[in-house]
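Okay, target.txt is below, compact mmCIF, C-alpha atoms:
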```txt
# COMPACT_ATOMS: atom_id res chain seq x y z
CA MET A 1 2.64 16.16 42.13
CA ILE A 2 4.80 17.17 39.17
CA ALA A 3 3.08 19.39 36.62
CA ILE A 4 4.21 19.28 32.99
CA VAL A 5 3.19 22.50 31.28
CA LYS A 6 1.01 21.77 28.26
CA TYR A 7 1.14 24.27 25.43
CA ASN A 8 1.49 24.28 21.64
CA ALA A 9 4.89 22.59 21.60
CA GLY A 10 5.81 18.94 21.18
CA ASN A 11 7.56 16.21 23.17
CA ILE A 12 5.37 16.55 26.26
CA ARG A 13 4.45 12.88 26.13
CA SER A 14 8.15 11.93 26.14
CA VAL A 15 8.72 13.82 29.37
CA GLN A 16 5.76 12.11 31.03
CA ASN A 17 7.01 8.72 29.80
CA ALA A 18 10.48 9.41 31.22
CA LEU A 19 9.01 10.32 34.61
CA SER A 20 6.89 7.14 34.59
CA ARG A 21 10.03 5.08 33.99
CA ILE A 22 11.55 6.43 37.22
CA GLY A 23 8.27 5.84 39.05
CA VAL A 24 7.17 9.48 39.24
CA ASN A 25 3.56 10.49 38.61
CA SER A 26 2.88 13.67 36.72
CA ILE A 27 0.02 15.63 35.23
CA VAL A 28 0.09 17.37 31.88
CA THR A 29 -1.80 20.61 32.27
CA SER A 30 -2.23 24.19 31.11
CA ASP A 31 -4.38 25.09 34.14
CA PRO A 32 -2.66 27.97 36.03
CA VAL A 33 -3.98 26.77 39.40
CA GLN A 34 -2.66 23.21 38.93
CA ILE A 35 0.70 24.57 37.79
CA MET A 36 0.98 27.01 40.70
CA ASN A 37 0.07 24.33 43.23
CA ALA A 38 2.40 21.67 41.84
CA GLU A 39 5.33 20.51 43.91
CA LYS A 40 7.60 20.91 40.88
CA VAL A 41 7.03 22.11 37.34
CA ILE A 42 8.56 20.88 34.09
CA PHE A 43 8.37 23.24 31.14
CA PRO A 44 9.27 21.14 28.08
CA GLY A 45 8.85 21.82 24.42
CA VAL A 46 10.02 21.39 20.90
CA GLY A 47 8.72 24.01 18.53
CA GLU A 48 9.00 27.63 17.44
CA ALA A 49 9.65 30.42 19.97
CA GLY A 50 7.36 33.13 18.56
CA SER A 51 4.20 31.06 18.32
CA ALA A 52 4.95 29.36 21.66
CA MET A 53 5.28 32.71 23.48
CA ALA A 54 2.10 34.02 21.85
CA TYR A 55 0.24 30.91 23.00
CA LEU A 56 1.58 31.14 26.56
CA LYS A 57 0.44 34.78 26.75
CA GLU A 58 -2.98 33.91 25.43
CA LEU A 59 -3.40 31.40 28.27
CA GLY A 60 -1.86 33.76 30.82
CA LEU A 61 0.85 31.17 31.44
CA ASP A 62 3.71 33.65 30.87
CA GLU A 63 2.96 35.40 34.17
CA VAL A 64 2.23 32.10 35.92
CA ILE A 65 5.61 30.61 34.99
CA LYS A 66 7.51 33.76 35.98
CA SER A 67 5.82 33.76 39.40
CA LEU A 68 6.68 30.14 40.30
CA LYS A 69 8.64 29.61 43.54
CA GLN A 70 8.89 25.80 43.43
CA PRO A 71 11.65 24.06 41.40
CA VAL A 72 11.11 24.51 37.66
CA LEU A 73 12.91 22.60 34.90
CA GLY A 74 12.84 24.04 31.38
CA ILE A 75 13.81 21.66 28.58
CA CYS A 76 14.96 22.64 25.06
CA LEU A 77 12.48 25.26 23.80
CA GLY A 78 11.33 25.56 27.44
CA MET A 79 14.87 26.65 28.37
CA GLN A 80 15.00 29.14 25.50
CA LEU A 81 11.65 30.66 26.48
CA LEU A 82 12.99 31.23 30.01
CA CYS A 83 15.66 33.53 28.53
CA ARG A 84 15.41 37.25 27.79
CA TYR A 85 15.07 37.18 24.03
CA SER A 86 15.18 34.73 21.12
CA GLU A 87 16.42 35.44 17.63
CA GLU A 88 13.82 32.90 16.49
CA GLY A 89 11.02 35.17 15.29
CA GLU A 90 12.72 38.06 17.20
CA THR A 91 10.76 37.06 20.26
CA PRO A 92 10.93 38.70 23.71
CA CYS A 93 10.74 35.79 26.18
CA LEU A 94 10.15 35.27 29.92
CA ASN A 95 13.42 36.87 31.06
CA ILE A 96 14.17 34.59 34.01
CA PHE A 97 17.68 34.09 32.67
CA ASP A 98 19.41 37.21 31.42
CA ALA A 99 20.67 35.56 28.25
CA LYS A 100 20.02 35.68 24.56
CA VAL A 101 18.98 32.80 22.30
CA ARG A 102 20.87 32.82 19.02
CA ARG A 103 20.75 30.90 15.76
CA PHE A 104 23.73 28.67 14.98
CA THR A 105 25.84 30.06 12.18
CA PRO A 106 25.92 27.52 9.33
CA ASN A 107 29.66 26.80 9.73
CA ASP A 108 28.77 23.20 10.40
CA ILE A 109 25.77 20.93 10.01
CA VAL A 110 22.62 22.55 11.46
CA PRO A 111 20.36 21.55 13.24
CA HIS A 112 22.66 20.15 15.93
CA ILE A 113 21.16 16.66 16.18
CA GLY A 114 22.60 13.79 18.16
CA TRP A 115 24.67 12.97 21.22
CA ASN A 116 27.25 15.44 22.50
CA ASN A 117 29.29 15.99 25.68
CA ILE A 118 28.32 18.19 28.61
CA GLU A 119 31.19 19.83 30.50
CA GLU A 120 31.98 22.21 33.37
CA LEU A 121 29.02 20.83 35.26
CA SER A 122 27.85 22.43 38.48
CA THR A 123 24.86 22.40 40.88
CA ILE A 124 22.98 19.52 42.41
CA ILE A 125 21.17 18.76 39.14
CA PHE A 126 24.39 17.13 37.86
CA ASN A 127 25.07 15.01 40.97
CA ASP A 128 26.60 11.68 39.91
CA VAL A 129 26.83 12.81 36.27
CA ASN A 130 30.34 12.51 34.83
CA GLU A 131 32.13 15.41 33.17
CA GLY A 132 31.94 14.79 29.44
CA ALA A 133 28.83 12.59 29.65
CA ASP A 134 26.86 12.31 26.39
CA VAL A 135 23.34 13.69 26.15
CA TYR A 136 20.88 14.00 23.27
CA TYR A 137 20.42 17.31 21.46
CA VAL A 138 18.11 18.43 18.70
CA HIS A 139 18.05 22.20 18.11
CA GLU A 140 19.03 25.00 15.75
CA PHE A 141 19.08 27.84 18.29
CA TYR A 142 21.32 27.99 21.36
CA VAL A 143 21.69 30.02 24.56
CA GLU A 144 24.98 31.89 24.75
CA LEU A 145 27.28 31.28 27.73
CA CYS A 146 26.23 33.58 30.59
CA GLN A 147 26.39 34.05 34.37
CA HIS A 148 23.66 31.41 34.79
CA THR A 149 25.46 28.67 32.80
CA ILE A 150 25.90 25.46 34.86
CA GLY A 151 27.10 23.22 32.02
CA SER A 152 28.37 23.77 28.51
CA THR A 153 28.64 21.95 25.20
CA ASN A 154 30.86 22.81 22.27
CA TYR A 155 29.23 22.67 18.85
CA ILE A 156 30.36 25.31 16.35
CA LYS A 157 31.04 27.31 19.54
CA PRO A 158 30.63 26.68 23.28
CA PHE A 159 27.02 27.29 24.39
CA SER A 160 24.90 26.79 27.52
CA ALA A 161 23.96 23.13 27.97
CA ALA A 162 22.16 24.05 31.21
CA LEU A 163 21.20 27.11 33.23
CA ASN A 164 20.25 27.79 36.85
CA LEU A 165 18.99 30.80 38.79
CA ASN A 166 17.35 30.28 42.18
CA ASN A 167 14.51 27.75 41.72
CA PHE A 168 14.78 27.76 37.90
CA TYR A 169 16.81 25.05 36.14
CA ALA A 170 16.96 24.41 32.43
CA THR A 171 18.65 22.11 29.93
CA GLN A 172 19.07 22.62 26.20
CA PHE A 173 19.48 18.86 25.74
CA HIS A 174 16.71 16.34 26.31
CA PRO A 175 17.17 14.48 29.62
CA GLU A 176 14.03 12.49 28.81
CA LYS A 177 15.81 11.08 25.72
CA SER A 178 19.33 10.86 27.13
CA SER A 179 19.32 7.30 28.40
CA LYS A 180 20.81 6.65 31.87
CA VAL A 181 22.49 10.07 32.11
CA GLY A 182 19.22 11.85 31.45
CA GLN A 183 17.42 9.65 33.94
CA ARG A 184 19.99 10.64 36.60
CA ILE A 185 19.41 14.34 35.88
CA LEU A 186 15.63 13.97 36.05
CA ASN A 187 16.03 12.08 39.32
CA ASN A 188 18.20 14.86 40.72
CA PHE A 189 15.55 17.41 39.81
CA ILE A 190 12.77 15.32 41.37
CA GLU A 191 14.79 15.02 44.57
CA LEU A 192 15.44 18.79 44.87
CA MET B 193 32.18 16.48 20.12
CA LEU B 194 29.05 15.45 18.25
CA LYS B 195 28.91 11.67 18.00
CA LYS B 196 28.18 9.61 14.91
CA ARG B 197 24.81 7.89 15.36
CA ILE B 198 24.18 4.16 14.93
CA ILE B 199 20.51 3.76 14.02
CA PRO B 200 18.74 0.40 13.78
CA CYS B 201 15.72 0.51 11.50
CA LEU B 202 12.67 -1.61 12.14
CA ASP B 203 10.43 -2.20 9.13
CA ILE B 204 6.97 -2.86 10.52
CA LYS B 205 4.25 -4.85 8.81
CA ASN B 206 0.99 -5.71 10.54
CA GLY B 207 2.56 -5.05 13.92
CA ARG B 208 5.70 -7.20 13.38
CA THR B 209 9.26 -6.34 12.39
CA VAL B 210 10.13 -7.71 8.93
CA LYS B 211 13.21 -7.65 6.74
CA GLY B 212 13.64 -8.20 3.02
CA VAL B 213 16.36 -7.84 0.44
CA ASN B 214 16.02 -4.91 -1.96
CA PHE B 215 12.61 -4.19 -0.42
CA LYS B 216 11.37 -7.75 -1.32
CA ASN B 217 11.13 -11.28 0.18
CA LEU B 218 10.05 -10.31 3.67
CA ILE B 219 10.81 -12.49 6.67
CA ASP B 220 9.76 -12.06 10.29
CA ALA B 221 12.29 -10.38 12.60
CA GLY B 222 10.35 -10.06 15.84
CA ASP B 223 8.24 -7.82 18.09
CA PRO B 224 9.11 -4.16 17.41
CA VAL B 225 8.71 -3.01 21.03
CA LEU B 226 11.05 -5.71 22.36
CA LEU B 227 13.55 -5.18 19.55
CA ALA B 228 13.61 -1.39 19.97
CA SER B 229 14.14 -1.75 23.73
CA LYS B 230 16.91 -4.28 23.19
CA TYR B 231 18.71 -1.93 20.80
CA ALA B 232 18.37 1.00 23.22
CA GLU B 233 19.96 -1.10 25.97
CA GLN B 234 22.74 -2.13 23.60
CA GLY B 235 23.66 1.49 22.92
CA ALA B 236 21.70 2.40 19.77
CA ASP B 237 21.70 6.19 19.46
CA GLU B 238 18.30 6.43 17.87
CA ILE B 239 15.68 4.09 16.36
CA VAL B 240 13.66 4.38 13.16
CA LEU B 241 10.33 2.57 12.76
CA LEU B 242 9.03 2.34 9.21
CA ASP B 243 5.52 1.06 8.68
CA ILE B 244 5.75 -0.67 5.32
CA SER B 245 2.12 -1.77 5.27
CA ALA B 246 1.01 1.83 5.86
CA THR B 247 -2.65 1.36 5.12
CA ASN B 248 -5.46 3.06 6.97
CA GLU B 249 -6.53 -0.21 8.61
CA ASN B 250 -3.07 -0.62 10.10
CA ARG B 251 -2.80 2.97 11.30
CA SER B 252 -4.22 2.26 14.75
CA THR B 253 -1.88 -0.76 15.14
CA LEU B 254 1.04 1.53 14.36
CA ILE B 255 -0.11 4.22 16.82
CA SER B 256 -0.35 1.60 19.54
CA ILE B 257 3.20 0.37 18.75
CA VAL B 258 4.47 3.96 18.84
CA GLU B 259 2.86 4.48 22.25
CA LYS B 260 4.48 1.31 23.60
CA VAL B 261 7.89 2.12 22.11
CA GLY B 262 7.70 5.68 23.51
CA ALA B 263 6.87 4.37 26.97
CA ALA B 264 9.78 1.93 26.88
CA LEU B 265 12.58 3.86 25.16
CA ASP B 266 14.89 6.40 26.80
CA ILE B 267 16.45 7.36 23.46
CA PRO B 268 14.83 9.19 20.52
CA PHE B 269 12.94 7.47 17.74
CA ALA B 270 11.46 8.45 14.39
CA VAL B 271 8.42 6.91 12.72
CA GLY B 272 7.59 6.81 9.02
CA GLY B 273 5.46 5.07 6.44
CA GLY B 274 2.36 6.66 4.99
CA VAL B 275 2.81 10.04 6.69
CA SER B 276 0.74 12.08 4.26
CA SER B 277 -1.14 14.67 6.30
CA LEU B 278 -0.57 17.02 9.22
CA GLY B 279 -3.09 14.86 11.09
CA THR B 280 -1.11 11.62 10.71
CA ALA B 281 2.10 13.42 11.70
CA TYR B 282 0.39 14.91 14.74
CA ASP B 283 -0.98 11.50 15.79
CA LEU B 284 2.47 9.90 15.63
CA LEU B 285 4.24 12.76 17.45
CA ASN B 286 1.47 12.90 20.02
CA ALA B 287 1.77 9.14 20.58
CA GLY B 288 5.40 9.71 21.58
CA ALA B 289 7.49 9.72 18.37
CA ASP B 290 10.25 12.32 18.38
CA LYS B 291 10.32 12.70 14.62
CA VAL B 292 8.32 11.67 11.57
CA CYS B 293 9.85 10.39 8.33
CA VAL B 294 8.19 11.59 5.16
CA ASN B 295 8.81 10.15 1.72
CA SER B 296 6.17 9.71 -1.00
CA ALA B 297 3.88 12.46 0.32
CA ALA B 298 6.68 15.02 -0.11
CA ILE B 299 7.24 13.86 -3.69
CA LYS B 300 3.56 14.30 -4.43
CA ASN B 301 3.37 17.66 -2.66
CA PRO B 302 6.72 19.25 -1.72
CA ASP B 303 5.01 22.03 0.27
CA PHE B 304 3.92 19.34 2.74
CA ILE B 305 7.49 19.44 4.16
CA THR B 306 7.17 23.17 4.82
CA ALA B 307 3.75 22.74 6.40
CA LEU B 308 5.15 20.03 8.70
CA ALA B 309 8.16 22.16 9.61
CA ASN B 310 5.94 25.16 10.38
CA ASN B 311 3.67 23.07 12.57
CA PHE B 312 6.11 20.82 14.40
CA GLY B 313 9.54 22.40 13.82
CA SER B 314 12.17 21.29 11.28
CA GLN B 315 13.92 19.16 13.89
CA SER B 316 10.92 16.79 13.95
CA ILE B 317 10.93 16.24 10.20
CA VAL B 318 13.10 13.58 8.56
CA ALA B 319 12.82 13.58 4.79
CA ALA B 320 13.40 10.00 3.59
CA VAL B 321 14.70 9.57 0.06
CA ASP B 322 15.06 6.26 -1.80
CA THR B 323 17.48 6.58 -4.67
CA LYS B 324 18.70 4.34 -7.46
CA GLY B 325 21.42 4.84 -10.06
CA ASN B 326 24.82 6.45 -10.06
CA LEU B 327 25.66 9.98 -8.92
CA ASP B 328 24.42 12.69 -11.28
CA ALA B 329 22.03 10.29 -12.99
CA ALA B 330 20.49 8.99 -9.72
CA LYS B 331 16.72 9.15 -9.55
CA VAL B 332 14.30 9.24 -6.63
CA TYR B 333 11.85 6.36 -6.13
CA SER B 334 8.57 6.63 -4.26
CA HIS B 335 6.11 4.21 -2.65
CA GLY B 336 8.73 2.18 -0.78
CA GLY B 337 10.98 2.00 -3.82
CA ARG B 338 8.31 0.58 -6.12
CA LYS B 339 7.75 3.62 -8.30
CA ALA B 340 10.33 5.57 -10.30
CA THR B 341 9.96 9.35 -10.42
CA ASP B 342 11.50 12.00 -12.67
CA LEU B 343 13.23 13.61 -9.71
CA ASN B 344 17.00 13.86 -9.82
CA THR B 345 18.32 12.78 -6.40
CA LEU B 346 20.90 15.54 -6.03
CA GLY B 347 18.36 18.23 -6.89
CA TRP B 348 15.69 16.70 -4.68
CA VAL B 349 17.78 16.61 -1.49
CA GLN B 350 18.68 20.28 -1.96
CA ARG B 351 15.03 21.11 -2.45
CA LEU B 352 14.07 19.18 0.72
CA ASP B 353 16.66 21.17 2.68
CA ALA B 354 15.24 24.45 1.33
CA LEU B 355 11.65 23.35 2.08
CA GLY B 356 12.48 22.92 5.77
CA ALA B 357 13.41 19.27 6.37
CA GLY B 358 15.51 18.83 9.51
CA GLU B 359 17.42 15.75 8.34
CA ILE B 360 17.72 13.57 5.24
CA LEU B 361 17.54 9.78 5.48
CA LEU B 362 19.10 8.76 2.18
CA THR B 363 18.74 5.11 1.14
CA SER B 364 20.67 3.69 -1.76
CA MET B 365 18.36 1.05 -3.24
CA ASP B 366 21.20 -0.45 -5.27
CA HIS B 367 23.10 -1.10 -2.04
CA ASP B 368 20.18 -1.97 0.25
CA GLY B 369 20.27 -5.55 1.53
CA VAL B 370 23.35 -6.42 -0.53
CA LYS B 371 25.75 -5.93 2.43
CA ASP B 372 28.48 -4.69 0.15
CA GLY B 373 29.11 -1.35 1.84
CA PHE B 374 27.49 2.09 1.80
CA ASP B 375 27.41 4.21 -1.36
CA ILE B 376 30.34 6.35 -0.20
CA SER B 377 30.66 8.47 -3.34
CA MET B 378 26.99 9.43 -3.22
CA TYR B 379 27.13 10.49 0.45
CA ARG B 380 30.28 12.53 -0.21
CA GLN B 381 28.61 14.33 -3.04
CA VAL B 382 25.32 14.93 -1.24
CA SER B 383 26.96 16.17 1.96
CA GLU B 384 28.70 18.88 -0.06
CA LEU B 385 25.36 20.12 -1.34
CA ILE B 386 23.34 20.42 1.87
CA ASN B 387 23.95 21.65 5.39
CA ILE B 388 21.41 19.53 7.32
CA PRO B 389 22.31 16.15 8.87
CA ILE B 390 22.37 13.14 6.56
CA ILE B 391 21.69 9.57 7.67
CA ALA B 392 23.14 6.95 5.35
CA SER B 393 21.20 3.76 4.69
CA GLY B 394 21.69 0.71 2.51
CA GLY B 395 24.63 -1.64 2.21
CA ALA B 396 25.94 -2.20 5.74
CA GLY B 397 27.31 -5.72 6.01
CA LYS B 398 30.58 -5.41 7.93
CA LYS B 399 31.99 -3.20 10.65
CA THR B 400 34.50 -1.76 8.17
CA HIS B 401 31.61 -0.41 6.10
CA PHE B 402 30.62 1.90 8.97
CA LYS B 403 34.25 2.87 9.47
CA SER B 404 34.72 3.87 5.81
CA LEU B 405 31.42 5.74 5.81
CA PHE B 406 32.28 7.84 8.86
CA GLU B 407 35.92 8.35 7.90
CA THR B 408 35.32 9.47 4.35
CA THR B 409 31.97 11.31 4.39
CA ASN B 410 30.25 13.93 6.56
CA VAL B 411 27.13 11.87 7.27
CA THR B 412 26.20 12.03 10.96
CA GLY B 413 24.37 8.73 11.20
CA ALA B 414 24.23 5.26 9.71
CA LEU B 415 21.07 3.22 9.53
CA ALA B 416 20.90 -0.54 9.15
CA ALA B 417 18.41 -3.32 9.78
CA SER B 418 19.13 -6.98 9.08
CA ILE B 419 22.69 -7.02 10.42
CA PHE B 420 21.27 -5.94 13.76
CA HIS B 421 18.07 -8.02 13.65
CA PHE B 422 19.93 -11.23 12.97
CA ASN B 423 22.77 -10.32 15.31
CA GLU B 424 25.39 -10.44 12.56
CA ILE B 425 26.93 -7.25 13.94
CA PRO B 426 25.92 -6.61 17.55
CA ILE B 427 25.76 -2.87 18.31
CA PRO B 428 28.12 -2.88 21.34
CA GLY B 429 30.86 -4.57 19.31
CA LEU B 430 30.34 -2.19 16.40
CA LYS B 431 30.60 0.89 18.64
CA LYS B 432 33.70 -0.43 20.37
CA TYR B 433 35.31 -1.12 17.01
CA LEU B 434 34.57 2.39 15.70
CA SER B 435 35.88 4.01 18.92
CA GLU B 436 39.16 2.16 18.47
CA PHE B 437 39.57 4.02 15.17
CA LYS B 438 38.93 7.36 16.92
CA ILE B 439 35.54 7.80 15.30
CA PRO B 440 33.41 9.86 17.72
CA ILE B 441 30.97 7.34 19.19
CA ARG B 442 28.87 7.47 22.35
```
Show the structure stored in the file as structure tokens.
Amino acid sequence: MIAIVKYNAGNIRSVQNALSRIGVNSIVTSDPVQIMNAEKVIFPGVGEAGSAMAYLKELGLDEVIKSLKQPVLGICLGMQLLCRYSEEGETPCLNIFDAKVRRFTPNDIVPHIGWNNIEELSTIIFNDVNEGADVYYVHEFYVELCQHTIGSTNYIKPFSAALNLNNFYATQFHPEKSSKVGQRILNNFIEL
Amino acid sequence: MLKKRIIPCLDIKNGRTVKGVNFKNLIDAGDPVLLASKYAEQGADEIVLLDISATNENRSTLISIVEKVGAALDIPFAVGGGVSSLGTAYDLLNAGADKVCVNSAAIKNPDFITALANNFGSQSIVAAVDTKGNLDAAKVYSHGGRKATDLNTLGWVQRLDALGAGEILLTSMDHDGVKDGFDISMYRQVSELINIPIIASGGAGKKTHFKSLFETTNVTGALAASIFHFNEIPIPGLKKYLSEFKIPIR
């Protein structure tokens, strides 16, 4: 069973809908035992880093997520919370990925909303995904390029489109809203 | 490179898609769930659903449409019409909408935008503005364009940005339904004033209208309804056309 981590951040329903469309059952839960016993875990989210971290700590989910050994996929805010630190609310995060989350400088239109290319793709999560494929973004903070970067996008500056370390994968874009390309990426994760 | 978004808008009344000219003379344009899915397959970048009945009795009908659209669509969609409390916004987002559009409620109480942004994040909040009149004299209209306000359009969009809106959906009522092209000069002026994405709406009638809009303004999306509903400009053809002119299109 796939567990989708439920906390005080949005778009959880969208992730469950996307999994249903590829015929995958999932449960939406904040129960540590269900999350720890799940075959795979998706950590989604759209929201604010500071209040999300505070909520995860309150439920004890910060330690649960860090301890997971099965494949984990962080999406958007989920990806940012897996990093070391976020400039959003000056929030220390889960520190799976040794990377910092920064605010876009207002040199261009912010938030970054819409479809943009992903490039320099690596790891199994991007199997059968073309270099330069378009995916859907909606965010105003980004993860800098780092040793864990497995895909990048250029908006204002190049940033991490996706990260990987051991069993932890993460995407800044929304595979659940990225049409056929996103469906492929979710499938790749499910088949890990 | 960030792509320009083509956004079909579905006006919903009593569970059906409708289309009128200048917000009047409504005719039936089909089942919203089927239409939204068709547009997603055709390459729409995003969908907007606007509930133009927006009464309490129709609220549960709308929620059920949002649930069905969310289950079917693999692209983002925004929902608006009568979003006037954190509770209604929560219900729509929880039913599967990616964003909510807010219009009259923000005019009545501007702090509502900030409250929404604090609760759901700016990126989930589309501030919809209906405007009428030329440039500096343009005024904001509320209640689906039925009620004039004292708000100056240029001042209001800047205020919405400052209050925490994530995007502005700016509809030119003078151009809406007339199919005579977008209000280019307005979008040029507004995009110099604010730094958040602007979606242009009102006036699309030909493919060249989209081309001029994207070539001469900084708007990141264009919204249209009837030309898509009645298949006057199919989305795949429109996107191919724009790509040929090197406009960044998915």
Select all residues from chain B having any atom no more than 7 Å from an atom of chain A (counting only C-alpha atoms, ignoring ligands), output as a list of chain:residue names.
B:Met193, B:Leu194, B:Lys195, B:Arg197, B:Gly262, B:Ala263, B:Asp266, B:Ile267, B:Pro268, B:Asn286, B:Gly288, B:Asp290, B:Phe312, B:Gly313, B:Gln315, B:Gly358, B:Asn387, B:Ile388, B:Pro389, B:Arg442
Can you pull out every residue within 9 Å of range 231-235 of chain B, counting all atoms listed in the file, but drop anything in the same chain fewer than 4 positions away, and send it as a ChimeraX atom specification?
/A:179 /B:198,200,226-227,239,265-267,420,426-428,431,442
May I have the residues within 9 Å of Val321 in chain B as a ChimeraX atom specification, using all atoms listed in the file and disregarding those fewer than 3 positions away in the same chain?
/B:294-296,332-334,345,348-349,360-364
Considering only C-alpha atoms, return as a PDB file with C-alpha atoms, in the frame of the given file whatever protein or nucleic-acid residues lie within 8 Å of Ile42 in chain A, sequence-local ones (same chain, fewer than 4 positions apart) excluded.
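So result_37.pdb came out as:
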```
ATOM      1  CA  ILE A   2       4.800  17.170  39.170  1.00  0.00           C
ATOM      2  CA  ALA A   3       3.080  19.390  36.620  1.00  0.00           C
ATOM      3  CA  ILE A   4       4.210  19.280  32.990  1.00  0.00           C
ATOM      4  CA  VAL A   5       3.190  22.500  31.280  1.00  0.00           C
ATOM      5  CA  VAL A  72      11.110  24.510  37.660  1.00  0.00           C
ATOM      6  CA  LEU A  73      12.910  22.600  34.900  1.00  0.00           C
ATOM      7  CA  GLY A  74      12.840  24.040  31.380  1.00  0.00           C
ATOM      8  CA  ILE A  75      13.810  21.660  28.580  1.00  0.00           C
TER       9      ILE A  75
END
```
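Computed from the coordinates, the CA of Leu61 in chain A to CA of Gly23 in chain A distance equals 27.5 Å.
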Separating CA of Lys260 in chain B from CA of Ala417 in chain B, to the nearest tenth of an Å, is a gap of 20.2 Å
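For the choices B:Asn301, B:Ser404, B:Asn310, B:Ser316, the atom-to-atom distance to Ala270 in chain B is smallest for B:Ser316 when using all atoms listed in the file.
Using only C-alpha atoms, the shortest contact distance between Lys331 in chain B and any of B:Ile305, B:Leu218, B:Val210, B:Met365 is found at B:Met365.
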So that I can check the surroundings of Val292 in chain B, please list as a PyMOL selection string every protein, DNA and RNA residue that reaches within 10 Å of it, counting only C-alpha atoms and ignoring chain neighbours fewer than 2 positions away.
chain B and resi 240-242+269-273+275+280-282+284-285+289-290+294-295+308+312+315-320
I'd like the contact shell of Leu163 in chain A - 6 Å cut-off, all atoms listed in the file, skipping same-chain residues fewer than 4 positions apart - returned as a VMD selection string.
chain A and resid 148 to 150 169 to 170
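Atom pair CA of Asn164 in chain A / CA of Ile441 in chain B: separated by 29.1 Å.
Residue nearest Ala221 in chain B, chosen from B:Lys371, B:Lys300, B:Arg208, B:His401 and counting all atoms listed in the file: B:Arg208.
Residue nearest Ala161 in chain A, chosen from A:Tyr55, A:Ala38, A:Glu63, A:Phe173 and counting all atoms listed in the file: A:Phe173.
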Since the input is missing atoms for range 68-79 of chain A, could you rebuild it with N, CA and C atoms and give the result as a PDB file, keeping the file's coordinate frame?
```pdb
ATOM      1  N   LEU A  68       6.531  31.403  39.566  1.00  0.00           N
ATOM      2  CA  LEU A  68       6.680  30.140  40.300  1.00  0.00           C
ATOM      3  C   LEU A  68       7.840  30.198  41.300  1.00  0.00           C
ATOM      4  N   LYS A  69       7.616  29.628  42.486  1.00  0.00           N
ATOM      5  CA  LYS A  69       8.640  29.610  43.540  1.00  0.00           C
ATOM      6  C   LYS A  69       9.178  28.194  43.761  1.00  0.00           C
ATOM      7  N   GLN A  70       8.443  27.187  43.289  1.00  0.00           N
ATOM      8  CA  GLN A  70       8.890  25.800  43.430  1.00  0.00           C
ATOM      9  C   GLN A  70       9.922  25.507  42.337  1.00  0.00           C
ATOM     10  N   PRO A  71      10.670  24.378  42.446  1.00  0.00           N
ATOM     11  CA  PRO A  71      11.650  24.060  41.400  1.00  0.00           C
ATOM     12  C   PRO A  71      10.992  23.917  40.019  1.00  0.00           C
ATOM     13  N   VAL A  72      11.599  24.549  39.038  1.00  0.00           N
ATOM     14  CA  VAL A  72      11.110  24.510  37.660  1.00  0.00           C
ATOM     15  C   VAL A  72      12.242  24.002  36.783  1.00  0.00           C
ATOM     16  N   LEU A  73      11.913  23.095  35.856  1.00  0.00           N
ATOM     17  CA  LEU A  73      12.910  22.600  34.900  1.00  0.00           C
ATOM     18  C   LEU A  73      12.434  22.889  33.479  1.00  0.00           C
ATOM     19  N   GLY A  74      13.126  23.776  32.795  1.00  0.00           N
ATOM     20  CA  GLY A  74      12.840  24.040  31.380  1.00  0.00           C
ATOM     21  C   GLY A  74      13.673  23.110  30.526  1.00  0.00           C
ATOM     22  N   ILE A  75      13.078  22.568  29.465  1.00  0.00           N
ATOM     23  CA  ILE A  75      13.810  21.660  28.580  1.00  0.00           C
ATOM     24  C   ILE A  75      13.717  22.176  27.137  1.00  0.00           C
ATOM     25  N   CYS A  76      14.867  22.269  26.476  1.00  0.00           N
ATOM     26  CA  CYS A  76      14.960  22.640  25.060  1.00  0.00           C
ATOM     27  C   CYS A  76      14.276  23.981  24.784  1.00  0.00           C
ATOM     28  N   LEU A  77      13.163  23.993  24.046  1.00  0.00           N
ATOM     29  CA  LEU A  77      12.480  25.260  23.800  1.00  0.00           C
ATOM     30  C   LEU A  77      12.056  25.892  25.136  1.00  0.00           C
ATOM     31  N   GLY A  78      11.693  25.052  26.109  1.00  0.00           N
ATOM     32  CA  GLY A  78      11.330  25.560  27.440  1.00  0.00           C
ATOM     33  C   GLY A  78      12.465  26.388  28.035  1.00  0.00           C
ATOM     34  N   MET A  79      13.698  25.897  27.893  1.00  0.00           N
ATOM     35  CA  MET A  79      14.870  26.650  28.370  1.00  0.00           C
ATOM     36  C   MET A  79      14.993  27.980  27.613  1.00  0.00           C
TER      37      MET A  79
END
```
